Each structure stands twice: as C-alpha cells, then as structure tokens.
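Here is final_7.csv, consisting of CSV, C-alpha atoms:
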```csv
chain,number,residue,atom,x,y,z
A,16,MET,CA,0.0,0.0,0.0
A,17,THR,CA,1.4,3.3,-1.0
A,18,ALA,CA,0.9,6.6,0.8
A,19,THR,CA,-1.3,7.8,-2.1
A,20,SER,CA,-3.4,4.6,-2.5
A,21,PRO,CA,-7.2,5.0,-1.8
A,22,TYR,CA,-8.6,4.4,1.6
A,23,ARG,CA,-10.0,0.9,1.5
A,24,VAL,CA,-13.6,0.5,2.9
A,25,MET,CA,-16.0,-2.3,3.6
A,26,LEU,CA,-19.7,-1.5,4.0
A,27,VAL,CA,-21.8,-3.7,6.2
A,28,ASP,CA,-25.6,-3.2,6.1
A,29,ASP,CA,-28.5,-5.6,5.6
A,30,SER,CA,-30.1,-3.2,3.1
A,31,ALA,CA,-28.9,-3.7,-0.5
A,32,VAL,CA,-30.3,-0.3,-1.3
A,33,ILE,CA,-28.2,1.4,1.5
A,34,ARG,CA,-25.1,-0.5,0.5
A,35,GLY,CA,-25.6,0.7,-3.1
A,36,LEU,CA,-26.2,4.3,-2.2
A,37,PHE,CA,-23.2,4.5,0.2
A,38,SER,CA,-21.0,2.8,-2.4
A,39,ARG,CA,-22.0,5.3,-5.1
A,40,PHE,CA,-21.4,8.5,-3.2
A,41,LEU,CA,-18.3,7.2,-1.5
A,42,GLU,CA,-16.7,6.3,-4.8
A,43,GLU,CA,-17.4,9.7,-6.1
A,44,ASP,CA,-14.3,10.6,-4.0
A,45,PRO,CA,-11.1,9.4,-5.7
A,46,GLU,CA,-9.5,8.9,-2.3
A,47,ILE,CA,-11.9,6.2,-1.2
A,48,GLU,CA,-12.4,2.7,-2.6
A,49,VAL,CA,-15.3,0.5,-1.5
A,50,VAL,CA,-13.5,-2.9,-1.7
A,51,THR,CA,-16.5,-5.0,-0.7
A,52,THR,CA,-19.8,-5.0,1.0
A,53,ALA,CA,-21.6,-7.4,3.4
A,54,SER,CA,-25.2,-7.9,4.4
A,55,ASN,CA,-24.5,-9.1,8.0
A,56,GLY,CA,-21.8,-9.4,10.6
A,57,GLN,CA,-20.8,-13.0,9.8
A,58,ILE,CA,-20.3,-12.3,6.1
A,59,ALA,CA,-18.3,-9.2,7.1
A,60,ILE,CA,-15.9,-11.3,9.3
A,61,ASN,CA,-15.4,-13.8,6.4
A,62,SER,CA,-14.8,-10.9,4.0
A,63,LEU,CA,-12.4,-9.1,6.3
A,64,VAL,CA,-10.0,-12.1,6.2
A,65,LYS,CA,-9.9,-12.1,2.4
A,66,HIS,CA,-9.6,-8.4,1.7
A,67,ASP,CA,-7.2,-5.6,2.8
A,68,ILE,CA,-9.6,-3.3,4.6
A,69,GLU,CA,-8.8,-0.2,6.6
A,70,ILE,CA,-12.3,1.0,7.5
A,71,VAL,CA,-15.5,-1.0,8.3
A,72,VAL,CA,-18.7,1.0,8.1
A,73,LEU,CA,-20.9,-1.2,10.3
A,74,ASP,CA,-24.7,-1.2,10.7
A,75,ILE,CA,-26.1,-2.2,14.1
A,76,GLU,CA,-29.4,-4.0,13.4
A,77,MET,CA,-28.8,-6.9,11.0
A,78,PRO,CA,-30.0,-10.6,10.7
A,79,VAL,CA,-27.7,-13.6,11.3
A,80,MET,CA,-25.2,-11.4,13.3
A,81,ASP,CA,-25.8,-7.9,14.4
A,82,GLY,CA,-23.1,-5.1,14.5
A,83,LEU,CA,-22.5,-5.2,18.2
A,84,THR,CA,-21.9,-9.0,18.1
A,85,ALA,CA,-19.6,-8.7,15.1
A,86,LEU,CA,-17.6,-5.8,16.4
A,87,PRO,CA,-15.1,-7.7,18.7
A,88,LEU,CA,-14.7,-10.4,16.1
A,89,LEU,CA,-13.9,-7.9,13.4
A,90,LEU,CA,-11.3,-6.3,15.6
A,91,LYS,CA,-9.8,-9.7,16.3
A,92,ALA,CA,-9.8,-10.8,12.7
A,93,ARG,CA,-7.9,-7.7,11.6
A,94,PRO,CA,-6.1,-5.9,14.4
A,95,GLY,CA,-5.8,-2.2,13.6
A,96,VAL,CA,-8.9,-2.0,11.4
A,97,GLN,CA,-11.1,1.0,12.3
A,98,VAL,CA,-14.8,0.5,12.7
A,99,LEU,CA,-17.3,3.3,12.1
A,100,ILE,CA,-20.7,2.5,13.5
A,101,ALA,CA,-23.6,3.7,11.3
A,102,SER,CA,-27.1,3.8,12.8
A,103,THR,CA,-30.3,5.8,12.7
A,104,LEU,CA,-30.9,8.4,15.4
A,105,THR,CA,-33.0,6.5,18.0
A,106,ARG,CA,-32.4,6.2,21.7
A,107,LYS,CA,-31.8,2.4,21.4
A,108,ASN,CA,-29.3,2.9,18.6
A,109,ALA,CA,-27.5,5.7,20.4
A,110,GLU,CA,-27.1,3.5,23.4
A,111,VAL,CA,-25.7,0.7,21.3
A,112,SER,CA,-23.4,3.1,19.5
A,113,LEU,CA,-22.0,4.4,22.8
A,114,ARG,CA,-21.5,0.8,24.0
A,115,ALA,CA,-19.8,-0.1,20.7
A,116,MET,CA,-17.3,2.8,21.1
A,117,ALA,CA,-16.6,1.6,24.6
A,118,GLU,CA,-15.8,-1.8,23.1
A,119,GLY,CA,-13.5,-0.6,20.4
A,120,ALA,CA,-15.4,1.1,17.6
A,121,ALA,CA,-13.6,4.3,16.6
A,122,ASP,CA,-16.6,6.5,16.0
A,123,TYR,CA,-20.2,6.6,14.6
A,124,VAL,CA,-22.3,8.4,12.1
A,125,THR,CA,-26.1,8.8,12.3
A,126,LYS,CA,-27.8,7.6,9.1
A,127,PRO,CA,-30.8,9.5,7.7
A,128,SER,CA,-34.0,7.6,8.5
A,129,SER,CA,-34.9,6.9,4.8
A,130,THR,CA,-33.2,6.3,1.5
A,131,SER,CA,-34.8,9.4,0.1
A,132,GLU,CA,-33.2,11.5,2.8
A,133,ILE,CA,-29.8,9.9,2.2
A,134,HIS,CA,-30.0,11.0,-1.5
A,135,SER,CA,-30.3,14.6,-0.3
A,136,ALA,CA,-28.3,14.6,2.9
A,137,GLU,CA,-25.2,16.4,1.9
A,138,ALA,CA,-24.1,17.0,5.5
A,139,PHE,CA,-24.3,13.2,6.2
A,140,LYS,CA,-22.3,12.4,3.1
A,141,ARG,CA,-19.6,14.9,4.0
A,142,GLU,CA,-19.5,13.6,7.6
A,143,LEU,CA,-19.2,10.0,6.5
A,144,THR,CA,-16.5,10.8,3.9
A,145,GLN,CA,-14.5,12.9,6.3
A,146,LYS,CA,-14.6,10.4,9.1
A,147,ILE,CA,-13.5,7.6,6.8
A,148,LYS,CA,-10.6,9.6,5.6
A,149,ALA,CA,-9.6,10.8,9.1
A,150,LEU,CA,-9.7,7.3,10.6
A,151,ALA,CA,-7.9,5.7,7.7
A,152,GLU,CA,-5.2,8.3,7.7
A,153,ALA,CA,-4.9,7.8,11.4
A,154,GLY,CA,-4.4,4.1,11.0
A,155,ARG,CA,-1.7,4.8,8.4
A,156,GLY,CA,0.1,7.0,10.8
A,157,GLY,CA,-0.2,10.1,8.6
A,158,GLN,CA,0.8,13.6,9.7
A,159,VAL,CA,-1.5,16.0,11.4
A,160,SER,CA,-3.1,18.5,8.9
A,161,ARG,CA,-4.3,21.9,9.8
A,162,ALA,CA,-7.3,21.7,7.5
A,163,PRO,CA,-10.6,21.9,9.5
A,164,GLN,CA,-11.8,18.5,8.1
A,165,ALA,CA,-8.5,16.7,8.4
A,166,ALA,CA,-7.0,14.6,11.1
A,167,GLY,CA,-3.8,13.1,12.1
A,168,PRO,CA,-2.3,10.0,13.4
A,169,ALA,CA,-3.7,7.5,15.8
A,170,PRO,CA,-2.6,5.2,18.5
A,171,ALA,CA,0.2,3.4,16.8
A,172,ALA,CA,1.7,6.3,15.0
A,173,SER,CA,5.2,7.8,15.2
A,174,SER,CA,8.3,6.1,16.5
A,175,LYS,CA,9.7,9.4,17.7
A,176,PRO,CA,7.5,11.5,20.1
A,177,GLN,CA,7.0,15.0,19.1
A,178,GLU,CA,8.3,17.8,21.2
A,179,PHE,CA,6.3,20.9,21.9
A,180,LYS,CA,6.9,24.3,23.2
A,181,LEU,CA,5.0,24.2,26.5
A,182,ARG,CA,3.7,27.1,28.5
A,183,ARG,CA,4.2,27.4,32.2
A,184,ALA,CA,1.1,26.3,34.1
A,185,PRO,CA,-0.5,29.2,36.0
A,186,MET,CA,-0.3,29.0,39.8
A,187,GLN,CA,-3.7,30.3,40.5
A,188,GLU,CA,-6.7,27.9,41.1
A,189,PRO,CA,-9.0,27.5,38.1
A,190,LYS,CA,-12.6,28.3,38.7
A,191,ILE,CA,-13.9,26.2,35.9
A,192,ILE,CA,-12.8,23.2,33.8
A,193,ALA,CA,-13.7,23.0,30.1
A,194,ILE,CA,-13.4,19.9,28.0
A,195,GLY,CA,-13.6,19.6,24.2
A,196,SER,CA,-13.7,16.3,22.3
A,197,SER,CA,-14.9,14.6,19.1
A,198,THR,CA,-13.8,11.4,17.4
A,199,GLY,CA,-13.0,8.8,20.1
A,200,GLY,CA,-14.3,11.3,22.7
A,201,PRO,CA,-16.9,9.4,24.7
A,202,PRO,CA,-14.6,6.6,26.0
A,203,ALA,CA,-11.9,9.3,26.7
A,204,LEU,CA,-14.4,11.5,28.6
A,205,LEU,CA,-15.5,8.5,30.7
A,206,ASN,CA,-11.9,7.6,31.5
A,207,LEU,CA,-10.9,11.1,32.4
A,208,LEU,CA,-14.0,11.9,34.5
A,209,ARG,CA,-13.9,8.6,36.3
A,210,ASN,CA,-10.4,9.2,37.4
A,211,LEU,CA,-10.8,12.9,38.3
A,212,GLY,CA,-12.0,12.1,41.8
A,213,THR,CA,-13.9,14.2,44.4
A,214,GLU,CA,-11.0,16.6,45.0
A,215,VAL,CA,-11.9,18.5,41.9
A,216,ASP,CA,-15.0,20.5,42.8
A,217,GLN,CA,-15.0,23.1,40.0
A,218,PRO,CA,-17.9,23.1,37.5
A,219,ILE,CA,-17.0,21.1,34.4
A,220,VAL,CA,-18.4,22.1,31.0
A,221,ILE,CA,-18.1,19.8,28.0
A,222,THR,CA,-18.6,20.1,24.3
A,223,GLN,CA,-18.5,16.8,22.6
A,224,HIS,CA,-19.4,16.7,18.9
A,225,MET,CA,-22.6,14.7,19.0
A,226,PRO,CA,-26.2,14.9,17.8
A,227,PRO,CA,-29.3,15.1,20.1
A,228,THR,CA,-30.2,11.8,22.0
A,229,PHE,CA,-26.5,10.9,22.1
A,230,THR,CA,-25.6,13.8,24.4
A,231,SER,CA,-28.4,13.0,26.9
A,232,LEU,CA,-27.3,9.4,27.0
A,233,LEU,CA,-23.6,10.4,27.3
A,234,ALA,CA,-24.6,12.6,30.3
A,235,GLU,CA,-26.1,9.5,32.0
A,236,HIS,CA,-23.0,7.5,31.3
A,237,ILE,CA,-20.8,10.2,32.7
A,238,THR,CA,-22.9,10.4,35.9
A,239,LYS,CA,-22.5,6.7,36.5
A,240,ALA,CA,-18.7,6.7,35.7
A,241,SER,CA,-17.8,9.9,37.6
A,242,GLY,CA,-20.1,9.9,40.6
A,243,LYS,CA,-20.8,13.5,39.8
A,244,THR,CA,-24.2,14.7,38.4
A,245,CYS,CA,-23.9,15.3,34.7
A,246,ASN,CA,-26.8,16.8,32.6
A,247,GLU,CA,-27.2,18.5,29.3
A,248,GLY,CA,-26.9,22.2,29.9
A,249,LYS,CA,-30.2,24.2,30.0
A,250,ASP,CA,-30.5,27.8,28.9
A,251,GLY,CA,-30.4,30.1,31.9
A,252,GLU,CA,-29.2,27.3,34.3
A,253,ALA,CA,-26.7,28.4,37.0
A,254,LEU,CA,-23.3,26.7,37.1
A,255,LEU,CA,-22.8,24.9,40.4
A,256,PRO,CA,-19.7,23.5,42.0
A,257,GLY,CA,-19.2,19.8,41.5
A,258,ARG,CA,-21.6,19.5,38.6
A,259,ILE,CA,-20.9,18.5,35.0
A,260,TYR,CA,-22.7,20.1,32.0
A,261,ILE,CA,-22.6,18.8,28.5
A,262,ALA,CA,-23.6,20.8,25.4
A,263,PRO,CA,-26.8,19.3,24.0
A,264,GLY,CA,-26.8,18.1,20.5
A,265,ASP,CA,-27.4,20.8,17.9
A,266,TYR,CA,-26.8,23.7,20.3
A,267,HIS,CA,-23.7,25.7,21.0
A,268,MET,CA,-23.3,26.0,24.8
A,269,LEU,CA,-21.8,29.2,26.2
A,270,VAL,CA,-21.7,30.9,29.6
A,271,GLU,CA,-22.5,34.4,30.7
A,272,ARG,CA,-22.6,36.4,33.9
A,273,ASP,CA,-25.9,37.9,35.0
A,274,GLU,CA,-27.4,39.1,38.3
A,275,ASN,CA,-27.7,35.5,39.5
A,276,GLY,CA,-24.1,34.5,38.8
A,277,VAL,CA,-22.7,32.5,35.9
A,278,VAL,CA,-25.4,30.8,33.8
A,279,ILE,CA,-25.5,28.7,30.7
A,280,ARG,CA,-26.7,30.1,27.4
A,281,LEU,CA,-27.7,27.9,24.4
A,282,ASN,CA,-28.0,29.0,20.9
A,283,GLN,CA,-28.4,27.6,17.4
A,284,GLN,CA,-26.0,30.1,15.6
A,285,PRO,CA,-24.4,28.6,12.5
A,286,PRO,CA,-22.1,25.6,13.0
A,287,GLU,CA,-18.4,26.5,13.6
A,288,ASN,CA,-15.8,24.2,12.2
A,289,TYR,CA,-18.7,22.3,10.7
A,290,CYS,CA,-20.0,21.5,14.2
A,291,ARG,CA,-22.9,22.4,16.4
A,292,PRO,CA,-22.2,22.2,19.3
A,293,ALA,CA,-18.6,23.5,18.8
A,294,VAL,CA,-15.8,23.9,21.3
A,295,ASP,CA,-14.6,27.3,20.1
A,296,PRO,CA,-17.7,29.4,21.1
A,297,MET,CA,-17.8,27.8,24.5
A,298,LEU,CA,-14.2,28.7,25.1
A,299,HIS,CA,-14.5,32.2,23.9
A,300,SER,CA,-17.4,32.8,26.4
A,301,LEU,CA,-15.5,31.2,29.2
A,302,ALA,CA,-12.5,33.6,28.6
A,303,GLU,CA,-14.9,36.6,28.8
A,304,VAL,CA,-16.5,35.4,32.1
A,305,TYR,CA,-13.5,33.8,33.9
A,306,GLY,CA,-10.5,35.4,32.4
A,307,SER,CA,-7.3,33.5,33.5
A,308,ARG,CA,-9.2,31.2,35.8
A,309,VAL,CA,-10.1,28.6,33.1
A,310,MET,CA,-8.5,25.2,32.6
A,311,VAL,CA,-9.1,23.6,29.2
A,312,VAL,CA,-8.6,20.0,28.3
A,313,ILE,CA,-8.7,19.1,24.5
A,314,LEU,CA,-9.2,15.4,23.9
A,315,THR,CA,-9.1,13.2,20.9
A,316,GLY,CA,-11.0,14.4,17.8
A,317,MET,CA,-10.7,15.2,14.1
A,318,GLY,CA,-10.3,18.7,12.8
A,319,ASN,CA,-9.1,21.7,14.8
A,320,ASP,CA,-12.2,22.9,16.7
A,321,GLY,CA,-11.0,24.3,20.0
A,322,GLN,CA,-7.8,25.9,18.6
A,323,LYS,CA,-9.1,29.4,18.2
A,324,GLY,CA,-10.9,29.2,21.6
A,325,SER,CA,-7.8,28.0,23.2
A,326,GLU,CA,-5.9,30.9,21.8
A,327,THR,CA,-8.4,33.2,23.5
A,328,ILE,CA,-8.1,31.3,26.8
A,329,VAL,CA,-4.3,31.5,26.7
A,330,GLY,CA,-4.5,35.1,25.8
A,331,ALA,CA,-6.5,35.7,28.9
A,332,GLY,CA,-4.0,33.8,31.1
A,333,GLY,CA,-5.8,30.5,31.3
A,334,THR,CA,-4.4,26.9,31.0
A,335,VAL,CA,-4.7,24.4,28.1
A,336,ILE,CA,-3.9,20.7,28.3
A,337,ALA,CA,-4.0,18.3,25.3
A,338,GLN,CA,-4.2,14.6,25.0
A,339,ASP,CA,-1.1,13.2,23.3
A,340,GLU,CA,-0.9,11.6,19.9
A,341,ALA,CA,-0.3,8.0,21.1
A,342,SER,CA,-3.5,7.8,23.2
A,343,SER,CA,-5.8,9.6,20.8
A,344,VAL,CA,-8.0,7.9,18.3
A,345,VAL,CA,-7.5,10.9,16.0
A,346,TRP,CA,-4.9,13.6,16.8
A,347,GLY,CA,-6.6,16.5,15.1
A,348,MET,CA,-8.0,18.7,17.8
A,349,PRO,CA,-5.4,18.0,20.5
A,350,GLY,CA,-2.7,18.1,17.8
A,351,ALA,CA,-3.8,21.5,16.7
A,352,VAL,CA,-3.5,23.1,20.1
A,353,ALA,CA,-0.3,21.2,20.9
A,354,THR,CA,1.6,22.2,17.7
A,355,ALA,CA,0.4,25.8,18.0
A,356,GLY,CA,2.3,26.1,21.3
A,357,LEU,CA,-0.9,26.7,23.4
A,358,CYS,CA,-0.5,23.9,26.0
A,359,SER,CA,1.0,23.7,29.4
A,360,ALA,CA,1.0,19.9,29.1
A,361,VAL,CA,0.6,17.3,26.4
A,362,LEU,CA,-0.2,14.0,28.1
A,363,PRO,CA,-1.4,10.4,27.7
A,364,LEU,CA,-5.1,10.1,28.5
A,365,SER,CA,-4.2,8.2,31.7
A,366,ASP,CA,-2.1,11.1,33.0
A,367,ILE,CA,-4.5,13.9,32.4
A,368,ALA,CA,-6.7,13.4,35.5
A,369,PRO,CA,-3.7,13.2,37.9
A,370,TYR,CA,-2.3,16.3,36.3
A,371,VAL,CA,-5.5,18.2,36.7
A,372,ARG,CA,-5.9,17.1,40.3
A,373,LYS,CA,-2.3,18.1,41.1
A,374,LEU,CA,-2.7,21.5,39.6
A,375,VAL,CA,-6.1,22.2,41.3
A,376,VAL,CA,-4.9,20.9,44.7
A,377,ARG,CA,-1.6,22.8,44.4
A,378,SER,CA,-3.3,26.0,43.4
A,379,ALA,CA,-5.8,25.8,46.2
A,380,ALA,CA,-3.2,25.1,48.8
```
Whole structure given in structure tokens:
Amino acid sequence: MTATSPYRVMLVDDSAVIRGLFSRFLEEDPEIEVVTTASNGQIAINSLVKHDIEIVVLDIEMPVMDGLTALPLLLKARPGVQVLIASTLTRKNAEVSLRAMAEGAADYVTKPSSTSEIHSAEAFKRELTQKIKALAEAGRGGQVSRAPQAAGPAPAASSKPQEFKLRRAPMQEPKIIAIGSSTGGPPALLNLLRNLGTEVDQPIVITQHMPPTFTSLLAEHITKASGKTCNEGKDGEALLPGRIYIAPGDYHMLVERDENGVVIRLNQQPPENYCRPAVDPMLHSLAEVYGSRVMVVILTGMGNDGQKGSETIVGAGGTVIAQDEASSVVWGMPGAVATAGLCSAVLPLSDIAPYVRKLVVRSAA
C-alpha cells in the first residue's frame, strides 16, 4: 500500500439499497475505494479475512449477526482496522453506539432515516466521507493536517515522540474546567472523569461533537462513571460546584454572567468548524467570564475545533492541556493546540486526571 493509495472500505448493512447508495457516493471521492460489502456481521468477518480493509462502516441491526456482536470479532480478525458505526438516530441505537465505542469502535455516524433522505443529505455524506478519511489516515500513521476537516495519526503512530513548546502552568486555582472532544471522545471522557475524583469541585463544561439523543445518554454514562451529576446544559441554568454540564446536540453551549451569577446560554447560531455544538464558542465565552481562571482539556478528535478558543483562553492567562498523539483515536483537535504552542502539558489520557488534580490541589493550597 502506497501513501497515495485510496482508503479501503467495507460497507456492512443488511439493506442492499443502502449499500448501493453508500458505495456510489463514497466512490465519487477518488481517495476512497469500496472494496467489498456485506449484508450481515458474519459475512463481514469472512470478507475481512480475504480483503485488505482499513475502515469498516458497520450497521447495528442486521440478521444472522448484528453489528455489536460482530464488532469484537472484526477487531480480532484484523487488528488495527477502524470500525465506524452507522445507525439511525434512535435512543436504542444511540445507546448501542456508545457501547460499541466503549468496546473498540472508533466513531459513529447517524444515518438519515430513509433512503430518500440519504439522497439529499449532503451533510451526512460529508461527515461519513471525512470520518472515513480521518480514521484511515490515522491508521496509516499520517501527519496532522491543519485543515478543518482533516485529522492526524492515531494510536500506533510515530516512533519518535514530538516535542512541543510548552507554557508554564499558572499557579492560581482555576474556577472552571472545560473539555472539548470529538472522534473517540466518549470513552476518553468517561476515562478522564472517572479518574478525576472528588477533590476537583469546579464546575465542568463539556462540548463533545454529538447529535441530540447521544448527548443526553452520554450525560447519563458520565454520571455513572464519575459519581458527579452530569446533565445536558439548559439555557439560563446556573453553574454549580461539583456539577458537569454537556452541550446538548445541535446547540452551542456558552456561559455568561448575570445578576444570578454565571449561567449557561444555548443557541443555534451557524455551525463552527462544521460542528454544532462546537468547542470554540464555549471557550470564547469562558474567557470573557472567567479570564485567567479557566482550565481547558482538549481530547481526541478530528479537525481543529478548540484551537481558536484555546488561543483566547491562553491570551486571557488560562491553561490548556492536550491529549497526546499515542493515546488519541485521531490527533486532530489536540494536535492543533499542541503544535500551536498553546499547551501547558501534552499528556497520555491516563495522565490527564492526575495532572488536573495536582494543579487544582496545588493551586488551592
């Protein structure tokens, strides 16, 4: 396989119509080759052994063997293959998709609910194409790109760790912690927040690139994992210590100060970096309200959402931490802030919670 060869995809869906539609619009892109298709998980496993596949686009509900059953067998059959879950936007499918990501799927896309919608769903086509390219490039160990849609290397990437110009971490105690994440984000969020512990009592605000339904379920998972109450943010809701707030799907989540203190504001302004919710508007608002007393953590994700907001945070005297390349599914978002010299630390996922605890406890002492 050469560096310029097309990204090799297998489509797994029980609908021949869906497989045909996906194949046609994916192969309109010269950088993508649909090598084979399968109508259920068992056929997919057999095909994966025969073909050199980088990305599996995997439906959930199929006869003979469903997607969740097939997932670990696919990962075992071809170590390193990236699995992209494709499902319609129902609560059941959102729950299964989150479980699949916890069990090794790289990301998900939400399919339009009908074939007629797929024909006209340009945003879905763009999302699927971009995620296939980002995950495949990550699997090849490609270099981080600064393009908004692009992404960089993934877990097995470079043999020589990159070095970054790091900023000195401020000594003052942060008053709020903000987290931005995208591709690979849900498992990373659960890991980070599970290990953060009770010592960290600042409000935590999260923007994870997700549609409605997914964000409400993710909030439930975070509550169980962290022992802290996590809910989707509500417009006008006051930020409270020890609580976690996640931006609801399809809404940007910001903060502002009013006569009652600091409250959440939601809006449906145009997407930023092709995303709504987006990390940048959240961070810009935090800098306005909290100035230097903001700690930002940028986790795994494709693109560079969060870079401009992090520049604002650093300009106000705040702190930015990024997940490192080796532990990221896609090192786009964290790579953007790291290589821009905005970070006080670039760390493996397992080291971020201890670092945050240490900084908060040290600052508060």
Handout entry: All residues 12 Å or closer to Gly56 in chain A, only C-alpha atoms, same chain fewer than 3 positions away omitted, as a ChimeraX atom specification
Key = /A:25-29,52-53,59-63,71-89
I need the chosen residues saved as a PDB file, in the frame of the given file, with C-alpha atoms.
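Writing done, so here's part29.pdb:
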```pdb
ATOM      1  CA  MET A  25     -16.000  -2.300   3.600  1.00  0.00           C
ATOM      2  CA  LEU A  26     -19.700  -1.500   4.000  1.00  0.00           C
ATOM      3  CA  VAL A  27     -21.800  -3.700   6.200  1.00  0.00           C
ATOM      4  CA  ASP A  28     -25.600  -3.200   6.100  1.00  0.00           C
ATOM      5  CA  ASP A  29     -28.500  -5.600   5.600  1.00  0.00           C
ATOM      6  CA  THR A  52     -19.800  -5.000   1.000  1.00  0.00           C
ATOM      7  CA  ALA A  53     -21.600  -7.400   3.400  1.00  0.00           C
ATOM      8  CA  ALA A  59     -18.300  -9.200   7.100  1.00  0.00           C
ATOM      9  CA  ILE A  60     -15.900 -11.300   9.300  1.00  0.00           C
ATOM     10  CA  ASN A  61     -15.400 -13.800   6.400  1.00  0.00           C
ATOM     11  CA  SER A  62     -14.800 -10.900   4.000  1.00  0.00           C
ATOM     12  CA  LEU A  63     -12.400  -9.100   6.300  1.00  0.00           C
ATOM     13  CA  VAL A  71     -15.500  -1.000   8.300  1.00  0.00           C
ATOM     14  CA  VAL A  72     -18.700   1.000   8.100  1.00  0.00           C
ATOM     15  CA  LEU A  73     -20.900  -1.200  10.300  1.00  0.00           C
ATOM     16  CA  ASP A  74     -24.700  -1.200  10.700  1.00  0.00           C
ATOM     17  CA  ILE A  75     -26.100  -2.200  14.100  1.00  0.00           C
ATOM     18  CA  GLU A  76     -29.400  -4.000  13.400  1.00  0.00           C
ATOM     19  CA  MET A  77     -28.800  -6.900  11.000  1.00  0.00           C
ATOM     20  CA  PRO A  78     -30.000 -10.600  10.700  1.00  0.00           C
ATOM     21  CA  VAL A  79     -27.700 -13.600  11.300  1.00  0.00           C
ATOM     22  CA  MET A  80     -25.200 -11.400  13.300  1.00  0.00           C
ATOM     23  CA  ASP A  81     -25.800  -7.900  14.400  1.00  0.00           C
ATOM     24  CA  GLY A  82     -23.100  -5.100  14.500  1.00  0.00           C
ATOM     25  CA  LEU A  83     -22.500  -5.200  18.200  1.00  0.00           C
ATOM     26  CA  THR A  84     -21.900  -9.000  18.100  1.00  0.00           C
ATOM     27  CA  ALA A  85     -19.600  -8.700  15.100  1.00  0.00           C
ATOM     28  CA  LEU A  86     -17.600  -5.800  16.400  1.00  0.00           C
ATOM     29  CA  PRO A  87     -15.100  -7.700  18.700  1.00  0.00           C
ATOM     30  CA  LEU A  88     -14.700 -10.400  16.100  1.00  0.00           C
ATOM     31  CA  LEU A  89     -13.900  -7.900  13.400  1.00  0.00           C
TER      32      LEU A  89
END
```
Practice task
Give me the residues within 9 Å of Val304 in chain A as a ChimeraX atom specification, counting only C-alpha atoms and dropping any in the same chain fewer than 5 places off.
Solution key: /A:270-272,277
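Using all atoms listed in the file, the protein and nucleic acid residues lying no more than 9 Å from range 193-195 of chain A, apart from those fewer than 4 places from it along its own chain, are A:Gly200, A:Leu204, A:Pro218, A:Ile219, A:Val220, A:Ile221, A:Thr222, A:Gln223, A:His224, A:Ala293, A:Val294, A:Asp295, A:Met297, A:Leu298, A:Leu301, A:Val309, A:Met310, A:Val311, A:Val312, A:Ile313, A:Leu314, A:Thr315, A:Gly316, A:Asp320, A:Gly321, A:Met348.
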Exercise for the section: Write out as a PyMOL selection string the residues lying within 10 Å of Asp265 in chain A, counting all atoms listed in the file and excluding same-chain residues fewer than 2 positions away. Expected result: chain A and resi 224-227+230+262-263+267-268+281-286+290-293
Selected residues written out, C-alpha atoms, as a CSV table (one decimal), in the frame of the given file:
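Here's the written file again30.csv:
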```
chain,number,residue,atom,x,y,z
A,224,HIS,CA,-19.4,16.7,18.9
A,225,MET,CA,-22.6,14.7,19.0
A,226,PRO,CA,-26.2,14.9,17.8
A,227,PRO,CA,-29.3,15.1,20.1
A,230,THR,CA,-25.6,13.8,24.4
A,262,ALA,CA,-23.6,20.8,25.4
A,263,PRO,CA,-26.8,19.3,24.0
A,267,HIS,CA,-23.7,25.7,21.0
A,268,MET,CA,-23.3,26.0,24.8
A,281,LEU,CA,-27.7,27.9,24.4
A,282,ASN,CA,-28.0,29.0,20.9
A,283,GLN,CA,-28.4,27.6,17.4
A,284,GLN,CA,-26.0,30.1,15.6
A,285,PRO,CA,-24.4,28.6,12.5
A,286,PRO,CA,-22.1,25.6,13.0
A,290,CYS,CA,-20.0,21.5,14.2
A,291,ARG,CA,-22.9,22.4,16.4
A,292,PRO,CA,-22.2,22.2,19.3
A,293,ALA,CA,-18.6,23.5,18.8
```
Handout entry: Atom-to-atom span, CA of Lys373 in chain A and CA of Gly276 in chain A, Å
Key =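 Between these atoms lies a distance of 27.4 Å.
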Rows by chain and residue number, range 70-107 of chain A within 7 Å of range 113-121 of chain A, shortest pair, only C-alpha atoms, as JSON lines:
```
{"residue": "A:Leu83", "atom": "CA", "partner": "A:Ala115", "partner_atom": "CA", "distance": 6.3}
{"residue": "A:Gln97", "atom": "CA", "partner": "A:Ala121", "partner_atom": "CA", "distance": 6.0}
{"residue": "A:Val98", "atom": "CA", "partner": "A:Ala120", "partner_atom": "CA", "distance": 5.0}
{"residue": "A:Leu99", "atom": "CA", "partner": "A:Ala121", "partner_atom": "CA", "distance": 5.9}
{"residue": "A:Ile100", "atom": "CA", "partner": "A:Ala120", "partner_atom": "CA", "distance": 6.8}
```
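For the choices A:Leu233, A:Val361, A:Ala331, A:Leu208, the atom-to-atom distance to Ala109 in chain A is smallest for A:Leu233 when using only C-alpha atoms.
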Handout entry: Pick from A:Ala101, A:Ile237, A:Val96, A:Val111 nearest to Arg34 in chain A, counting all atoms listed in the file
Key = A:Ala101
Handout entry: Nearest residue to Leu357 in chain A from the set A:Asn55, A:Thr334, A:Ser343, A:Gln217 (distances using only C-alpha atoms)
Key =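 The shortest atom-to-atom distance to Leu357 in chain A comes from A:Thr334.
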Exercise for the section: Would you mind reading off the distance between CA of Arg23 in chain A and CA of Glu48 in chain A, one decimal, in Å? Expected result: 5.1 Å
Problem - Of the listed residues A:Met186, A:Ala153, A:Ile58, A:Ala136, that which approaches Leu36 in chain A most closely, counting all atoms listed in the file - result: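 Closest residue, counting all atoms listed in the file: A:Ala136.
Shortest atom-to-atom contact with Gly251 in chain A among A:Ile191, A:Leu269, A:Ala184, A:Ala234: A:Leu269, counting only C-alpha atoms.
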Exercise for the section: Quote the spacing between CA of Leu364 in chain A and CA of Pro349 in chain A in Å to one decimal place. Expected result: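 Here the two named atoms are 11.2 Å from each other.
Candidate residues A:Pro185, A:Glu69, A:Ile328, A:Thr144 were compared for distance to Arg39 in chain A, and the nearest is A:Thr144, using all atoms listed in the file.
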Exercise for the section: Find the residues near Thr105 in chain A: any atom within 9 Å, counting all atoms listed in the file, skip ones fewer than 5 places away on the same chain, and give them as a ChimeraX atom specification. Expected result: /A:110,228-229
